[in-house]
Each structure stands twice: as C-alpha cells, then as structure tokens.
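Beneath this line is the structure, given in structure tokens, with notes to follow.
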Amino acid sequence: MKIPEALLRQADRLEAYYQEHEPSLAPMVRQCFLSTIETTVKQMDDGSYFVITGDIPAMWLRDSAAQVSLYTRFAKEDPDLQEIIEGVILRQAQQVLIDPYANAFNPDDSDPELGAKDETERGPYIWERKYEVDSLCAPVYLAYTYWKATGRSGFFDETWHSMVERIIETFRLEQDHTRSVYSFQRFDCPPSDTLTNEGKGEPVGVTGMTWSGFRPSDDCCQYGYLIPSEMMAVCALGKASEIMKTVYKDPETAAKAEALAEEIRSGIDQYGVYDHPEFGKIYAYEVDGLGHYNLMDDANSPSLLAIPYLGYAAADDPMVQRTRNFILSDENPYYNKGALAKGMGSPHTPEGYIWPIGLTMQALTSNDPAEIRELLSMLAGTHAGTNYIHESFNPDNPEEYTRPWFAWANTLFSELLEDLMEQGFFEGTSAQPSGT
C-alpha cells in the first residue's frame with residue numbers, strides 16, 4: 001500500500017530531529033513511526049480499512065485505534081491519509097454493530113472456522129469474543145481525535161451513530177450483569193483465559209459502573225469493575241455526547257451518554273477508591289462492589305498509570321499522584337526491576353518481564369524531565385538490537401522478549417517521541433504530560 005506523503009514527511013522530520021538531539025533513539029524513529037502503516041493496514045472491498053495487530057492476523061478494536069491514533073495529527077492536508085483513517089473508523093463501527101461483546105475480528109466471513117473456538121455466541125466475523133469495556137471506548141476516542149485534528153465530520157454517518165447507540169445500550173445493560181446473556185468459557189487453557197461461574201464471571205454488586213469480563217491484556221478480570229476501563233468509558237461517553245450534540249444535532253442521545261457517564265463516575269468515586277495504609281486514598285485496579293479490591297496495575301492501557309493520558313484526571317491531581325506512587329512501587333505486584341530496566345509488567349507475560357508500553361506510558365504521563373530521560377534510556381537500551389518496540393522483555397536480558405511485531409507498542413513509542421519533539425524537550429523545555 002502507498003504510504004501517505006504526510007507520514008513520510010513526518011518520519012523524515014522526526015528522524016532528523018533525533019539524529020541531532022538524541023542519537024541513541026534515532027535508529028528506532030523511522031521504522032517505529034511507520035510500522036503500522038507499512039505492515040498492518042489493508043484496504044477492504046467496501047472501502048474500509050482492516051488493521052491487524054502485527055503478528056496476529058485479526059483486528060482488535062483497541063489496538064487498531066491505538067495504532068492509527070497518532071496519524072490523525074498529520075491528516076488534515078493529506079487526502080490519502082484521511083481515506084485510511086476514515087476507513088478504519090468505518091470498519092470499527094461495522095464491527096461493533098456485528099457484536100459489541102467481541103474484542104477482535106476477522107477480515108471477512110469467508111472462513112467460519114477462523115479464530116478462537118470458545119463456548120460463547122460466535123459468528124464468522126469474530127476472531128475472539130472476550131468482552132472488554134475499553135474495546136467499545138477505543139473507536140469513540142479515535143473518531144473524536146480525528147474530528148478534532150482535521151475538522152472533518154462527513155464520516156459521522158448513520159453507521160457510526162448506530163454504533164454509539166449500541167455502546168450506550170451495552171454499557172447500560174452491563175450495569176447489572178445478572179441481566180446479561182453474555183458468557184465466555186475457554187477450556188484446556190490458563191485460568192486467565194476464561195471466566196468463572198460457568199462463563200459469567202465472579203459475582204458483582206450493582207454500583208453504577210459497567211461490568212467488564214476481561215482486561216485490555218485480554219486476561220480475565222478478577223473483579224468485574226475494572227477501574228481504568230470505567231474511567232475510559234466516562235471519557236468516551238463524554239466525547240460521544242459532544243459529537244451527538246455538535247455533529248448529529250441529537251440532544252437525546254447526548255443526554256443518554258452524559259447520564260450514563262455520570263453514573264459510572266459516581267460508581268468509581270464510591271466503590272473504586274481504597275484507603276491504603278502507606279499511600280493514602282488511591283484508585284483500585286478492580287473492585288466488585290461487594291467490598292473486595294484488587295490493588296495492582298497492568299502495563300496494558302487503559303491502566304491506572306494512564307489516567308492523565310485517558311483524559312480522566314490531570315497528572316497533578318492528588319489522587320492520581322498517590323495512585324501513581326503506589327503502582328510504581330514494590331507494592332504493585334506487577335512492578336518489576338532488573339539490571340537494565342524497572343517498570344510495569346503484566347500477568348499476561350512471563351513473570352518479571354517489563355512492558356515497553358508501560359515505560360512509554362510512564363513517560364507520557366510524567367512532568368519530571370529526569371524521569372523521562374531515564375525511561376528513554378531504558379527504551380533505547382532494551383530493544384535487543386531490533387530497533388523495534390516489543391510486547392515485553394526480560395529486564396536482565398532484553399534478548400528474551402515476546403512479540404517481535406507489535407505495532408501498538410511502536411506507535412505509542414512514536415507518540416512519545418513526537419510529543420517530546422513538539423515540546424522542545426531536548427532543548428530544555430519542561431515536558432507536559434498528556435491529558436493535562
């Protein structure tokens with residue numbers, strides 16, 4: 001596929017900048033920035049665009065949105081790039097309408113046996129049907145970001161409007177998971193790949209929040225209210241409301257989105273906060289609304305670390321700061337340290353491994369130049385000579401890593417590099433974290 005000129009120009013600009021200001025990062029810049037567009041994007045017969053994750057030939061709603069989100073910044077004057085991003089937005093809306101509970105999709109319905117063989121409602125378009133709240137948020141974030149970056153609104157058609165209605169309907173239904181018919185079971189697998197209680201998950205109370213079966217890592221939730229995803233839902237519903245009012249002139253759907261967002265936010269405030277004996281009041285990672293808390297964070301975004309990036313609260317918010325202090329400490333069971341790096345990992349990958357996405361997100365949400373420089377040094381020194389960002393790596397031996405072709409990680413890293421360049425970080429200007 002022809003690479004849009006706007007992306008080639010920006011790749012040149014980034015590469016030249018880092019060759020001058022931070023040569024240790026320069027070999028990574030161009031190939032990470034272009035990774036998604038060069039290796040994962042394909043135009044479909046209906047004009048939409050299908051985006052694989054890299055080494056898995058399926059389209060994840062979350063990953064595909066994250067993979068192309070950075071490119072929205074350069075689309076305003078490039079019709080080729082506009083066509084691609086609008087094609088991704090269209091494809092995502094179609095996928096949500098096929099099944100709002102699916103997290104990943106096949107390119108077409110030609111092979112009904114393609115994808116996971118799980119005990120859940122299945123269809124030929126579905127690669128995997130792990131219900132994740134953030135999967136429904138990601139398409140809204142992408143469309144909103146593109147709209148704001150370009151001023152274009154013609155892609156907001158009836159399909160996209162119907163997607164928003166379906167998202168609101170699904171979130172509303174899952175405020176009381178006992179009413180839901182969704183279930184998911186996978187057999188002969190690790191416990192993290194399936195839901196307990198005959199596929200319904202652990203019991204939860206009714207809190208105003210909306211239930212999620214799985215985390216953005218695709219691991220099952222221990223408790224059904226995943227606080228970072230609840231926060232992302234609040235923000236996504238706010239973005240959807242603005243679009244409904246401004247573009248569609250639909251105050252009724254806008255009001256539904258706003259009301260639901262407020263219920264979820266109230267649920268977070270009431271049930272999602274834990275008074276930690278060392279750190280004070282912090283956000284829990286997961287809760288069940290019945291008095292149980294899961295105190296941890298996972299490098300996959302949405303995460304607690306990503307709260308400012310998601311736009312839920314500012315980086316200098318006291319609750320955010322206390323939560324950040326907790327998750328970047330040994331009290332977080334998935335904060336790992338090694339000879340060459342320290343940072344967040346995930347139960348999804350080998351014990352002790354660190355995720356570059358977590359290191360990148362830590363930098364994106366930091367206002368400490370020394371911390372950002374340390375994180376950049378870790379990222380430059382742990383790609384095992386590949387000049388690509390991996391899913392996770394052994395911090396004592398980075399040549400041991402998972403997923404050599406993981407486009408989301410490459411794009412997020414490129415977003416950090418782009419932000420730092422625009423902020424004049426290497427010229428001594430203080431960096432400002434995302435979401436503030």
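Going by the structure tokens order, chains are called A, B, ..., each with residues numbered from 1, while ligands are numbered from 1 in the order shown.
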Excluding Ala104 of chain A and any residue of its chain fewer than 3 positions from it, enumerate the residues within 7 Å of it, using only C-alpha atoms, and give them as a PDB file with N, CA, C and O atoms, in the first residue's frame.
```
ATOM      1  N   ALA A  58      -5.650 -10.590  13.052  1.00  0.00           N
ATOM      2  CA  ALA A  58      -7.001 -10.149  13.387  1.00  0.00           C
ATOM      3  C   ALA A  58      -6.962  -8.677  13.765  1.00  0.00           C
ATOM      4  O   ALA A  58      -5.902  -8.124  14.079  1.00  0.00           O
ATOM      5  N   MET A  59      -8.128  -8.051  13.729  1.00  0.00           N
ATOM      6  CA  MET A  59      -8.249  -6.628  14.067  1.00  0.00           C
ATOM      7  C   MET A  59      -8.887  -6.490  15.435  1.00  0.00           C
ATOM      8  O   MET A  59     -10.049  -6.815  15.629  1.00  0.00           O
ATOM      9  N   TRP A  60      -8.104  -6.004  16.381  1.00  0.00           N
ATOM     10  CA  TRP A  60      -8.601  -5.678  17.710  1.00  0.00           C
ATOM     11  C   TRP A  60      -9.131  -4.244  17.684  1.00  0.00           C
ATOM     12  O   TRP A  60      -8.477  -3.340  17.151  1.00  0.00           O
ATOM     13  N   LEU A  61     -10.291  -4.008  18.270  1.00  0.00           N
ATOM     14  CA  LEU A  61     -10.823  -2.650  18.326  1.00  0.00           C
ATOM     15  C   LEU A  61      -9.861  -1.717  19.050  1.00  0.00           C
ATOM     16  O   LEU A  61      -9.572  -0.612  18.588  1.00  0.00           O
ATOM     17  N   ILE A 126     -16.062 -13.047  13.810  1.00  0.00           N
ATOM     18  CA  ILE A 126     -15.480 -12.870  15.142  1.00  0.00           C
ATOM     19  C   ILE A 126     -14.238 -13.738  15.313  1.00  0.00           C
ATOM     20  O   ILE A 126     -14.290 -14.962  15.189  1.00  0.00           O
ATOM     21  N   TRP A 127     -13.118 -13.086  15.610  1.00  0.00           N
ATOM     22  CA  TRP A 127     -11.883 -13.796  15.944  1.00  0.00           C
ATOM     23  C   TRP A 127     -11.904 -14.217  17.408  1.00  0.00           C
ATOM     24  O   TRP A 127     -11.529 -15.340  17.743  1.00  0.00           O
ATOM     25  N   GLU A 128     -12.315 -13.318  18.266  1.00  0.00           N
ATOM     26  CA  GLU A 128     -12.353 -13.609  19.706  1.00  0.00           C
ATOM     27  C   GLU A 128     -13.459 -12.769  20.329  1.00  0.00           C
ATOM     28  O   GLU A 128     -13.688 -11.630  19.932  1.00  0.00           O
ATOM     29  N   ARG A 129     -14.129 -13.347  21.350  1.00  0.00           N
ATOM     30  CA  ARG A 129     -15.293 -12.679  21.949  1.00  0.00           C
ATOM     31  C   ARG A 129     -15.097 -12.489  23.452  1.00  0.00           C
ATOM     32  O   ARG A 129     -15.931 -12.863  24.256  1.00  0.00           O
TER      33      ARG A 129
END
```
*segment 140-154 of chain A: which residues within 10 Å, counting only C-alpha atoms, same-chain residues fewer than 5 positions away excluded, as a PyMOL selection string?*
chain A and resi 62+64-78+82+85-86+88-90+92-93+135+160+163-164+167+232-233+235-240+242-243+247-248+310
*In Å, with one decimal, what is the gap from atom CA of His390 of chain A to atom CA of Pro302 of chain A?*
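Going from atom CA of His390 of chain A over to atom CA of Pro302 of chain A covers 18.0 Å.
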*Between A:Ala116, A:Val96, A:Val41, A:Met344, which one has atoms that come closest to Glu169 of chain A, using only C-alpha atoms?*
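Among the listed residues, the smallest separation from Glu169 of chain A belongs to A:Val96.
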*Best match for closeness to Phe184 of chain A among A:Cys137, A:Asp118, A:Gly208, A:Thr411, counting only C-alpha atoms*: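 Ranked by minimum distance to Phe184 of chain A, first place goes to A:Asp118.
As for atom CA of Thr323 of chain A and atom CA of Lys281 of chain A, they are spaced 7.8 Å apart.
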*If you run DSSP over the backbone, which residues in segment 109-301 of chain A end up strand (DSSP E)? Put them as a list of chain:residue names.*
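Selecting the strand (DSSP E) positions of segment 109-301 of chain A gives A:Ile126, A:Trp127, A:Glu128, A:Tyr225, A:Leu226, A:Val273, A:Tyr274, A:Asp275, A:His276, A:Gly280, A:Lys281, A:Ile282, A:Tyr283, A:Glu286, A:Val287, A:Tyr293, A:Asn294.
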Save the residues we just selected, N, CA, C and O atoms, as a PDB file, in the first residue's frame?
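Listed below is the output, out_14.pdb:
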```
ATOM      1  N   ILE A 126     -16.062 -13.047  13.810  1.00  0.00           N
ATOM      2  CA  ILE A 126     -15.480 -12.870  15.142  1.00  0.00           C
ATOM      3  C   ILE A 126     -14.238 -13.738  15.313  1.00  0.00           C
ATOM      4  O   ILE A 126     -14.290 -14.962  15.189  1.00  0.00           O
ATOM      5  N   TRP A 127     -13.118 -13.086  15.610  1.00  0.00           N
ATOM      6  CA  TRP A 127     -11.883 -13.796  15.944  1.00  0.00           C
ATOM      7  C   TRP A 127     -11.904 -14.217  17.408  1.00  0.00           C
ATOM      8  O   TRP A 127     -11.529 -15.340  17.743  1.00  0.00           O
ATOM      9  N   GLU A 128     -12.315 -13.318  18.266  1.00  0.00           N
ATOM     10  CA  GLU A 128     -12.353 -13.609  19.706  1.00  0.00           C
ATOM     11  C   GLU A 128     -13.459 -12.769  20.329  1.00  0.00           C
ATOM     12  O   GLU A 128     -13.688 -11.630  19.932  1.00  0.00           O
ATOM     13  N   TYR A 225     -15.454  -4.881  37.873  1.00  0.00           N
ATOM     14  CA  TYR A 225     -15.388  -3.444  37.603  1.00  0.00           C
ATOM     15  C   TYR A 225     -13.926  -3.034  37.524  1.00  0.00           C
ATOM     16  O   TYR A 225     -13.246  -2.884  38.543  1.00  0.00           O
ATOM     17  N   LEU A 226     -13.461  -2.890  36.302  1.00  0.00           N
ATOM     18  CA  LEU A 226     -12.065  -2.574  36.006  1.00  0.00           C
ATOM     19  C   LEU A 226     -11.938  -1.051  35.955  1.00  0.00           C
ATOM     20  O   LEU A 226     -12.358  -0.417  34.989  1.00  0.00           O
ATOM     21  N   VAL A 273     -12.253   3.497  45.181  1.00  0.00           N
ATOM     22  CA  VAL A 273     -11.180   4.129  45.947  1.00  0.00           C
ATOM     23  C   VAL A 273     -10.851   3.280  47.170  1.00  0.00           C
ATOM     24  O   VAL A 273     -11.747   2.820  47.881  1.00  0.00           O
ATOM     25  N   TYR A 274      -9.556   3.106  47.399  1.00  0.00           N
ATOM     26  CA  TYR A 274      -9.081   2.301  48.534  1.00  0.00           C
ATOM     27  C   TYR A 274      -8.171   3.166  49.405  1.00  0.00           C
ATOM     28  O   TYR A 274      -7.287   3.872  48.897  1.00  0.00           O
ATOM     29  N   ASP A 275      -8.375   3.095  50.709  1.00  0.00           N
ATOM     30  CA  ASP A 275      -7.545   3.856  51.649  1.00  0.00           C
ATOM     31  C   ASP A 275      -6.354   2.992  52.044  1.00  0.00           C
ATOM     32  O   ASP A 275      -6.449   2.141  52.924  1.00  0.00           O
ATOM     33  N   HIS A 276      -5.234   3.215  51.362  1.00  0.00           N
ATOM     34  CA  HIS A 276      -4.047   2.399  51.563  1.00  0.00           C
ATOM     35  C   HIS A 276      -3.278   2.872  52.793  1.00  0.00           C
ATOM     36  O   HIS A 276      -3.100   4.084  52.984  1.00  0.00           O
ATOM     37  N   GLY A 280      -2.213   6.287  51.256  1.00  0.00           N
ATOM     38  CA  GLY A 280      -3.436   7.062  51.394  1.00  0.00           C
ATOM     39  C   GLY A 280      -4.481   6.613  50.388  1.00  0.00           C
ATOM     40  O   GLY A 280      -4.419   5.507  49.845  1.00  0.00           O
ATOM     41  N   LYS A 281      -5.445   7.451  50.106  1.00  0.00           N
ATOM     42  CA  LYS A 281      -6.527   7.082  49.206  1.00  0.00           C
ATOM     43  C   LYS A 281      -6.015   7.004  47.771  1.00  0.00           C
ATOM     44  O   LYS A 281      -5.474   7.980  47.237  1.00  0.00           O
ATOM     45  N   ILE A 282      -6.206   5.824  47.164  1.00  0.00           N
ATOM     46  CA  ILE A 282      -5.766   5.573  45.796  1.00  0.00           C
ATOM     47  C   ILE A 282      -6.894   4.872  45.044  1.00  0.00           C
ATOM     48  O   ILE A 282      -7.846   4.357  45.647  1.00  0.00           O
ATOM     49  N   TYR A 283      -6.774   4.850  43.718  1.00  0.00           N
ATOM     50  CA  TYR A 283      -7.716   4.074  42.928  1.00  0.00           C
ATOM     51  C   TYR A 283      -7.294   2.612  42.925  1.00  0.00           C
ATOM     52  O   TYR A 283      -6.115   2.288  42.746  1.00  0.00           O
ATOM     53  N   GLU A 286      -9.253  -3.094  40.256  1.00  0.00           N
ATOM     54  CA  GLU A 286     -10.556  -3.736  40.062  1.00  0.00           C
ATOM     55  C   GLU A 286     -11.285  -3.804  41.396  1.00  0.00           C
ATOM     56  O   GLU A 286     -10.663  -3.942  42.453  1.00  0.00           O
ATOM     57  N   VAL A 287     -12.613  -3.752  41.324  1.00  0.00           N
ATOM     58  CA  VAL A 287     -13.455  -3.951  42.507  1.00  0.00           C
ATOM     59  C   VAL A 287     -14.684  -4.750  42.074  1.00  0.00           C
ATOM     60  O   VAL A 287     -14.974  -4.874  40.881  1.00  0.00           O
ATOM     61  N   TYR A 293     -11.249  -5.583  46.720  1.00  0.00           N
ATOM     62  CA  TYR A 293     -10.408  -4.697  45.923  1.00  0.00           C
ATOM     63  C   TYR A 293      -9.211  -5.484  45.391  1.00  0.00           C
ATOM     64  O   TYR A 293      -8.623  -6.280  46.117  1.00  0.00           O
ATOM     65  N   ASN A 294      -8.849  -5.217  44.149  1.00  0.00           N
ATOM     66  CA  ASN A 294      -7.635  -5.759  43.568  1.00  0.00           C
ATOM     67  C   ASN A 294      -6.661  -4.601  43.412  1.00  0.00           C
ATOM     68  O   ASN A 294      -6.871  -3.701  42.585  1.00  0.00           O
TER      69      ASN A 294
END
```
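Closest to His292 of chain A among A:Val320, A:Leu328, A:Met44, A:Val204 is A:Val204, based on only C-alpha atoms.
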*asked:* What does the structure give for the distance between atom CA of Ile268 of chain A and atom CA of Leu173 of chain A, in Å to one decimal?
replied: 17.5 Å
_Counting only C-alpha atoms, the option among A:Ala26, A:Thr39, A:Asp218, A:Ser366 closest to Asn387 of chain A_ =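 Checking each candidate against Asn387 of chain A, we get A:Ala26 as the closest.
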*Going by DSSP on the backbone, which bits of segment 144-259 of chain A are helix (DSSP H, G or I)? Write them as an MDAnalysis selection string, please.*
chainID A and resid 144:150 158:173 177:179 191:193 196:199 227:246 251:259
_Minimum-distance residue to Leu417 of chain A, chosen among A:Asp316, A:Asp368, A:Glu5, A:Glu15 (using only C-alpha atoms)_ = A:Glu15
_List the spatial neighbours of Tyr131 of chain A as a VMD selection string - criterion: any atom at most 10 Å away, only C-alpha atoms, same-chain residues fewer than 2 positions off excluded._
chain A and resid 99 to 104 128 to 129 133 to 136 182 to 184 211 to 216 218 220
_Surrounding residues of Ile3 of chain A excluding itself and chain neighbours under 5 positions, 10 Å, only C-alpha atoms, as number ranges by chain_ = A: 8, 34, 37-38, 80-81
*Taking only C-alpha atoms into account, which of A:Asp219, A:Asp317, A:Asp269, A:Asp288 comes nearest Lys130 of chain A?*
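Closest candidate: A:Asp219.
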